[in-house]
Every structure is written in C-alpha cells, then in structure tokens.
Amino acid sequence: MYPIRQQFGFGFGFVCASRSSVVEPVQLHSNGNSDHTPKKSSESSLILIRHGESLWNEKNLFTGCVDVPLTPKGVEEAIEAGKRICSIPIDVIFTSSLIRAQMTAMLAMMQHRRKKVPIIVHNESEQAHLWSQVYSEETRKQSIPVITAWQLNERMYGELQGLNKQETADRFGNEQVHKWRRSYDIPPPNGESLEMCAERAVAYFKEHVVPQLTAGKHVMIAAHGNSLRSIIMQLDKLTSQEVISLELSTGIPMLYIFKEGKFIRRGSPVGPSEASVCAYTRKLAQYRQKLDSMV
C-alpha cells in the first residue's frame, strides 16, 4: 500500500482502503506525524451544495443513483453557486460518486478566487492510485483534494428510477407516490427510504467530514437532495417530520460554521460582492480581505 498523503501532499494523512471487489472510499485519518497533522482551529466553514439541474431533472424522471450529467441550466447553476462562495475558504471537497455532483463541485471551484485546482483522489485500484501521483510540490500546493464517496449518493429509488414522475402518479395514485417520495421510512419498491439514505450519509459525514472540520479544515460537500437533507437533519437537529418538508434548491450553497464542536447555520451567501458573505464571522472577513490584497 502507498499512502495517498505521499502522492498528493495535501496534508490530510490519506491512507488507502483495503482492495476488494467493492470500491471503498478513501479514508481520512491523521497519521500522527506532526509535520502533516492539520493545526486545530477554533472555527471552520462547511459549505453544502445540491448539484445543478440534471438531464433527468429536466425530463421529470426519477433519477436516484442513475448517473446522468447536468443540463446547460445545471452548469450555469453550478457556476453561480461557485461565484457565491468564491471568497469563502475551501481546503477539501467531498462529493458523491455520481457525475452530476462531481460536475457541480468542479464548476463551482473554478470560480474561486484562490484559483486552486480541484483534483479527484483515485483509490479504486492500485494502478489508478499509482498513476494519479503528483510529483511537483508547487502544483500540490495549488491543488484541492476531491474525495468521492458512494455514501453521499442520492437515495436509490429502486424500480421508480427512469420513470416519469407524473406518469407514475397517474398509475399508482398521488397518495402512494407521495409516500414513496416524501415519507421518512417508507421506501419505493426495491429502493431506499430517506431513513435508509440517512444511515449511510450521516455515518460517512461523522467518520470522514467532521474530523476535517475539527482539525480546522474548511470543507465543501457537493451532493444530492436526499443525502444533503439527511446531513442537514443531523446538523439542525430536525425531526423525521420536519426533514420530509425540507426543500433544497439545485445549485444553491448553504454555509455552516463549525465552532467548539457545534454547527451554526448561516444561510446561503448572496453573492461575491455582498458584504454579508464575509461578515458571517471575523475569520471569514479576514480571509476576504486577504484575497482582496492579492488582487
């Protein structure tokens, strides 16, 4: 095994997961080496973004875990989301294994004022792991690791995937389809309920994302409506009844501040030129000022 930290030099102490027939996401743990252990901070940022409109969103089809890309509108939404967060620090990106979330993450980061390059960390095989090494120290400093994880995927809609939502309602009745879509613990045929999606998404968030925030790293997650609702349920301490009515618009970033082990919801940044974006906390204001001085 070869530590990803040695390949990419991102300073997160990445290690390889064991090789098996099931591809496991890269693990994020400190290796105990003081040279690579992130310094703890009293405050860090967490940005959540639901992917932009996908081709099946546009066609009103149940998408779930089917891997479809963004529409031109979805691309614009991702770019606009990036403009809204372009003055907020980002050290590491988590996204799902689905292309619409990955496209959103990449397009959003292309708008950031630091101009760092997002690089997907490949750990799906020994060869992919070795062939994706970066050997320039300067290049590594100007890069941001992107960690993909199937646990952040949209909830699996089972036998509804690919069906038209209106036609499905006409066939099974509005009440039944509403239960499949909006109840907390009733799954569609051979699919996942929101409760089942939350089990995997929240467990991954606690095991991999929270340690980065605790270490003072600023994190962005680009994922999906139901996996993000699951995480927000945890952050905002929502009940199962409250979360089913939570709506997340495509391409709209949400900002949380992680401080002293607690998450403080700050809402959605309005735009890069708005004073409120850097006025959420003193540290974000100082970061914005630093970016301004670099121009």
# chains A, B, ... in the order shown; residues from 1 in each chain; ligands from 1
>>> closest_atom_pairs(of="stretch 39-157 of chain A", to="stretch 205-224 of chain A", cutoff="8 Å", atoms="only C-alpha atoms", output="JSON lines")
{"residue": "A:Lys39", "atom": "CA", "partner": "A:Ala215", "partner_atom": "CA", "distance": 6.1}
{"residue": "A:Lys40", "atom": "CA", "partner": "A:Ala215", "partner_atom": "CA", "distance": 4.5}
{"residue": "A:Ser41", "atom": "CA", "partner": "A:Gly216", "partner_atom": "CA", "distance": 4.4}
{"residue": "A:Ser42", "atom": "CA", "partner": "A:Gly216", "partner_atom": "CA", "distance": 7.1}
{"residue": "A:Glu43", "atom": "CA", "partner": "A:Gly216", "partner_atom": "CA", "distance": 6.5}
{"residue": "A:Ser44", "atom": "CA", "partner": "A:His218", "partner_atom": "CA", "distance": 5.3}
{"residue": "A:Ser45", "atom": "CA", "partner": "A:His218", "partner_atom": "CA", "distance": 4.8}
{"residue": "A:Leu46", "atom": "CA", "partner": "A:Val219", "partner_atom": "CA", "distance": 4.9}
{"residue": "A:Ile47", "atom": "CA", "partner": "A:Met220", "partner_atom": "CA", "distance": 4.5}
{"residue": "A:Leu48", "atom": "CA", "partner": "A:Ile221", "partner_atom": "CA", "distance": 5.0}
{"residue": "A:Ile49", "atom": "CA", "partner": "A:Ala222", "partner_atom": "CA", "distance": 4.8}
{"residue": "A:Arg50", "atom": "CA", "partner": "A:His224", "partner_atom": "CA", "distance": 5.0}
{"residue": "A:His51", "atom": "CA", "partner": "A:Ala223", "partner_atom": "CA", "distance": 6.0}
{"residue": "A:Pro89", "atom": "CA", "partner": "A:His218", "partner_atom": "CA", "distance": 6.1}
{"residue": "A:Ile90", "atom": "CA", "partner": "A:His218", "partner_atom": "CA", "distance": 4.8}
{"residue": "A:Asp91", "atom": "CA", "partner": "A:His218", "partner_atom": "CA", "distance": 5.1}
{"residue": "A:Val92", "atom": "CA", "partner": "A:Val219", "partner_atom": "CA", "distance": 5.2}
{"residue": "A:Ile93", "atom": "CA", "partner": "A:Met220", "partner_atom": "CA", "distance": 4.8}
{"residue": "A:Phe94", "atom": "CA", "partner": "A:Ile221", "partner_atom": "CA", "distance": 4.7}
{"residue": "A:Thr95", "atom": "CA", "partner": "A:Ala222", "partner_atom": "CA", "distance": 4.9}
{"residue": "A:Ser96", "atom": "CA", "partner": "A:Ala223", "partner_atom": "CA", "distance": 5.7}
{"residue": "A:Ala101", "atom": "CA", "partner": "A:Ala223", "partner_atom": "CA", "distance": 5.2}
{"residue": "A:Gln102", "atom": "CA", "partner": "A:Ala222", "partner_atom": "CA", "distance": 7.1}
{"residue": "A:Thr104", "atom": "CA", "partner": "A:Ala222", "partner_atom": "CA", "distance": 6.8}
{"residue": "A:Ala105", "atom": "CA", "partner": "A:Ala222", "partner_atom": "CA", "distance": 5.6}
{"residue": "A:Leu152", "atom": "CA", "partner": "A:Ala223", "partner_atom": "CA", "distance": 6.2}
{"residue": "A:Asn153", "atom": "CA", "partner": "A:His224", "partner_atom": "CA", "distance": 6.6}
{"residue": "A:Glu154", "atom": "CA", "partner": "A:His224", "partner_atom": "CA", "distance": 5.2}
>>> select_by_dssp(residues="stretch 29-172 of chain A", states="helix (DSSP H, G or I)", output="ChimeraX atom specification")
/A:55-58,72-84,99-109,126-131,137-141,150-152,158-160,165-172
>>> closest_residue(among="A:Pro187, A:Glu167, A:Leu248, A:Ile88", to="A:Lys290", atoms="only C-alpha atoms")
A:Ile88
>>> select_by_dssp(residues="stretch 1-248 of chain A", states="strand (DSSP E)", output="PyMOL selection string")
chain A and resi 14-15+27-28+43-50+92-95+117-120+143-148+219-223
>>> write_last_selection(atoms="N, CA, C and O atoms", output="tab-separated table (two decimals), in the first residue's frame")
chain	number	residue	atom	x	y	z
A	14	PHE	N	-3.99	10.90	4.17
A	14	PHE	CA	-4.80	9.91	3.48
A	14	PHE	C	-4.13	8.55	3.53
A	14	PHE	O	-2.92	8.43	3.41
A	15	VAL	N	-4.92	7.51	3.65
A	15	VAL	CA	-4.40	6.16	3.53
A	15	VAL	C	-5.33	5.38	2.62
A	15	VAL	O	-6.50	5.68	2.49
A	27	GLN	N	-9.98	6.79	2.96
A	27	GLN	CA	-10.11	7.09	4.38
A	27	GLN	C	-9.37	8.38	4.71
A	27	GLN	O	-8.33	8.66	4.13
A	28	LEU	N	-9.88	9.15	5.65
A	28	LEU	CA	-9.27	10.41	6.04
A	28	LEU	C	-8.96	10.37	7.53
A	28	LEU	O	-9.81	10.59	8.37
A	43	GLU	N	-12.51	27.60	14.57
A	43	GLU	CA	-13.63	27.82	13.66
A	43	GLU	C	-13.29	27.32	12.27
A	43	GLU	O	-12.19	27.49	11.78
A	44	SER	N	-14.26	26.66	11.63
A	44	SER	CA	-14.07	26.24	10.24
A	44	SER	C	-15.40	26.32	9.51
A	44	SER	O	-16.47	26.39	10.13
A	45	SER	N	-15.34	26.35	8.19
A	45	SER	CA	-16.53	26.52	7.36
A	45	SER	C	-16.96	25.21	6.73
A	45	SER	O	-16.12	24.40	6.33
A	46	LEU	N	-18.26	25.02	6.61
A	46	LEU	CA	-18.83	23.88	5.90
A	46	LEU	C	-19.83	24.41	4.88
A	46	LEU	O	-20.79	25.11	5.24
A	47	ILE	N	-19.59	24.11	3.62
A	47	ILE	CA	-20.48	24.54	2.54
A	47	ILE	C	-21.17	23.30	1.97
A	47	ILE	O	-20.51	22.32	1.63
A	48	LEU	N	-22.49	23.35	1.87
A	48	LEU	CA	-23.27	22.28	1.27
A	48	LEU	C	-23.90	22.79	-0.02
A	48	LEU	O	-24.52	23.86	-0.03
A	49	ILE	N	-23.76	22.01	-1.11
A	49	ILE	CA	-24.37	22.40	-2.38
A	49	ILE	C	-25.07	21.19	-3.00
A	49	ILE	O	-24.45	20.14	-3.20
A	50	ARG	N	-26.35	21.35	-3.29
A	50	ARG	CA	-27.03	20.34	-4.10
A	50	ARG	C	-26.66	20.57	-5.55
A	50	ARG	O	-26.58	21.72	-6.02
A	92	VAL	N	-10.80	21.14	1.34
A	92	VAL	CA	-11.06	19.78	0.87
A	92	VAL	C	-12.51	19.69	0.43
A	92	VAL	O	-13.39	20.34	1.00
A	93	ILE	N	-12.75	18.91	-0.62
A	93	ILE	CA	-14.09	18.76	-1.18
A	93	ILE	C	-14.51	17.30	-1.08
A	93	ILE	O	-13.74	16.40	-1.43
A	94	PHE	N	-15.74	17.10	-0.62
A	94	PHE	CA	-16.34	15.77	-0.65
A	94	PHE	C	-17.50	15.81	-1.64
A	94	PHE	O	-18.26	16.77	-1.68
A	95	THR	N	-17.64	14.75	-2.42
A	95	THR	CA	-18.75	14.68	-3.35
A	95	THR	C	-19.16	13.23	-3.51
A	95	THR	O	-18.49	12.31	-3.03
A	117	VAL	N	-6.70	24.20	-8.07
A	117	VAL	CA	-7.27	23.21	-8.97
A	117	VAL	C	-7.81	22.03	-8.18
A	117	VAL	O	-7.07	21.39	-7.43
A	118	PRO	N	-9.10	21.70	-8.33
A	118	PRO	CA	-9.64	20.51	-7.66
A	118	PRO	C	-9.17	19.25	-8.37
A	118	PRO	O	-9.28	19.13	-9.59
A	119	ILE	N	-8.63	18.31	-7.60
A	119	ILE	CA	-8.12	17.05	-8.16
A	119	ILE	C	-8.80	15.88	-7.47
A	119	ILE	O	-8.72	15.75	-6.24
A	120	ILE	N	-9.46	15.02	-8.25
A	120	ILE	CA	-10.12	13.86	-7.69
A	120	ILE	C	-9.08	12.85	-7.23
A	120	ILE	O	-8.16	12.50	-7.98
A	143	SER	N	-3.43	22.83	-5.33
A	143	SER	CA	-4.48	21.85	-5.60
A	143	SER	C	-5.36	21.63	-4.37
A	143	SER	O	-4.94	21.88	-3.24
A	144	ILE	N	-6.57	21.17	-4.61
A	144	ILE	CA	-7.50	20.83	-3.54
A	144	ILE	C	-7.98	19.40	-3.77
A	144	ILE	O	-8.45	19.08	-4.87
A	145	PRO	N	-7.86	18.52	-2.78
A	145	PRO	CA	-8.31	17.13	-2.97
A	145	PRO	C	-9.83	17.04	-3.02
A	145	PRO	O	-10.54	17.69	-2.25
A	146	VAL	N	-10.31	16.21	-3.94
A	146	VAL	CA	-11.73	15.94	-4.08
A	146	VAL	C	-11.96	14.47	-3.75
A	146	VAL	O	-11.46	13.59	-4.46
A	147	ILE	N	-12.69	14.20	-2.69
A	147	ILE	CA	-12.93	12.84	-2.22
A	147	ILE	C	-14.33	12.41	-2.66
A	147	ILE	O	-15.32	13.06	-2.31
A	148	THR	N	-14.42	11.36	-3.45
A	148	THR	CA	-15.72	10.86	-3.89
A	148	THR	C	-16.14	9.68	-3.02
A	148	THR	O	-15.32	8.86	-2.63
A	219	VAL	N	-14.45	22.82	4.54
A	219	VAL	CA	-14.95	21.72	3.72
A	219	VAL	C	-16.13	22.16	2.86
A	219	VAL	O	-16.99	22.92	3.31
A	220	MET	N	-16.16	21.64	1.63
A	220	MET	CA	-17.34	21.77	0.78
A	220	MET	C	-17.85	20.38	0.44
A	220	MET	O	-17.06	19.49	0.15
A	221	ILE	N	-19.17	20.19	0.49
A	221	ILE	CA	-19.80	18.95	0.08
A	221	ILE	C	-20.76	19.26	-1.06
A	221	ILE	O	-21.68	20.06	-0.91
A	222	ALA	N	-20.54	18.64	-2.21
A	222	ALA	CA	-21.47	18.73	-3.34
A	222	ALA	C	-22.14	17.38	-3.48
A	222	ALA	O	-21.49	16.38	-3.77
A	223	ALA	N	-23.45	17.34	-3.24
A	223	ALA	CA	-24.13	16.06	-3.24
A	223	ALA	C	-25.56	16.23	-3.76
A	223	ALA	O	-25.80	16.99	-4.70
>>> residues_around(residues="A:Arg182", least_positions_apart="2", cutoff="8 Å", atoms="only C-alpha atoms", output="number ranges by chain")
A: 178-180, 184, 244-245
>>> closest_residue(among="A:Asp292, A:Glu175, A:Asp236, A:Glu58", to="A:Arg266", atoms="only C-alpha atoms")
A:Asp236
>>> closest_residue(among="A:Asn57, A:Ser87, A:Gln161, A:Gln111", to="A:Ser249", atoms="only C-alpha atoms")
A:Asn57
>>> atom_distance(atom1="atom CA of A:Ala108", atom2="atom CA of A:Ile79")
5.1 Å
>>> closest_residue(among="A:Gly64, A:Arg288, A:Thr250, A:Arg265", to="A:Leu194", atoms="only C-alpha atoms")
A:Gly64
>>> closest_residue(among="A:Val177, A:Leu55, A:Ala198, A:Leu107", to="A:Lys73", atoms="only C-alpha atoms")
A:Leu55
>>> atom_distance(atom1="atom CA of A:Leu284", atom2="atom CA of A:Gly251")
21.6 Å
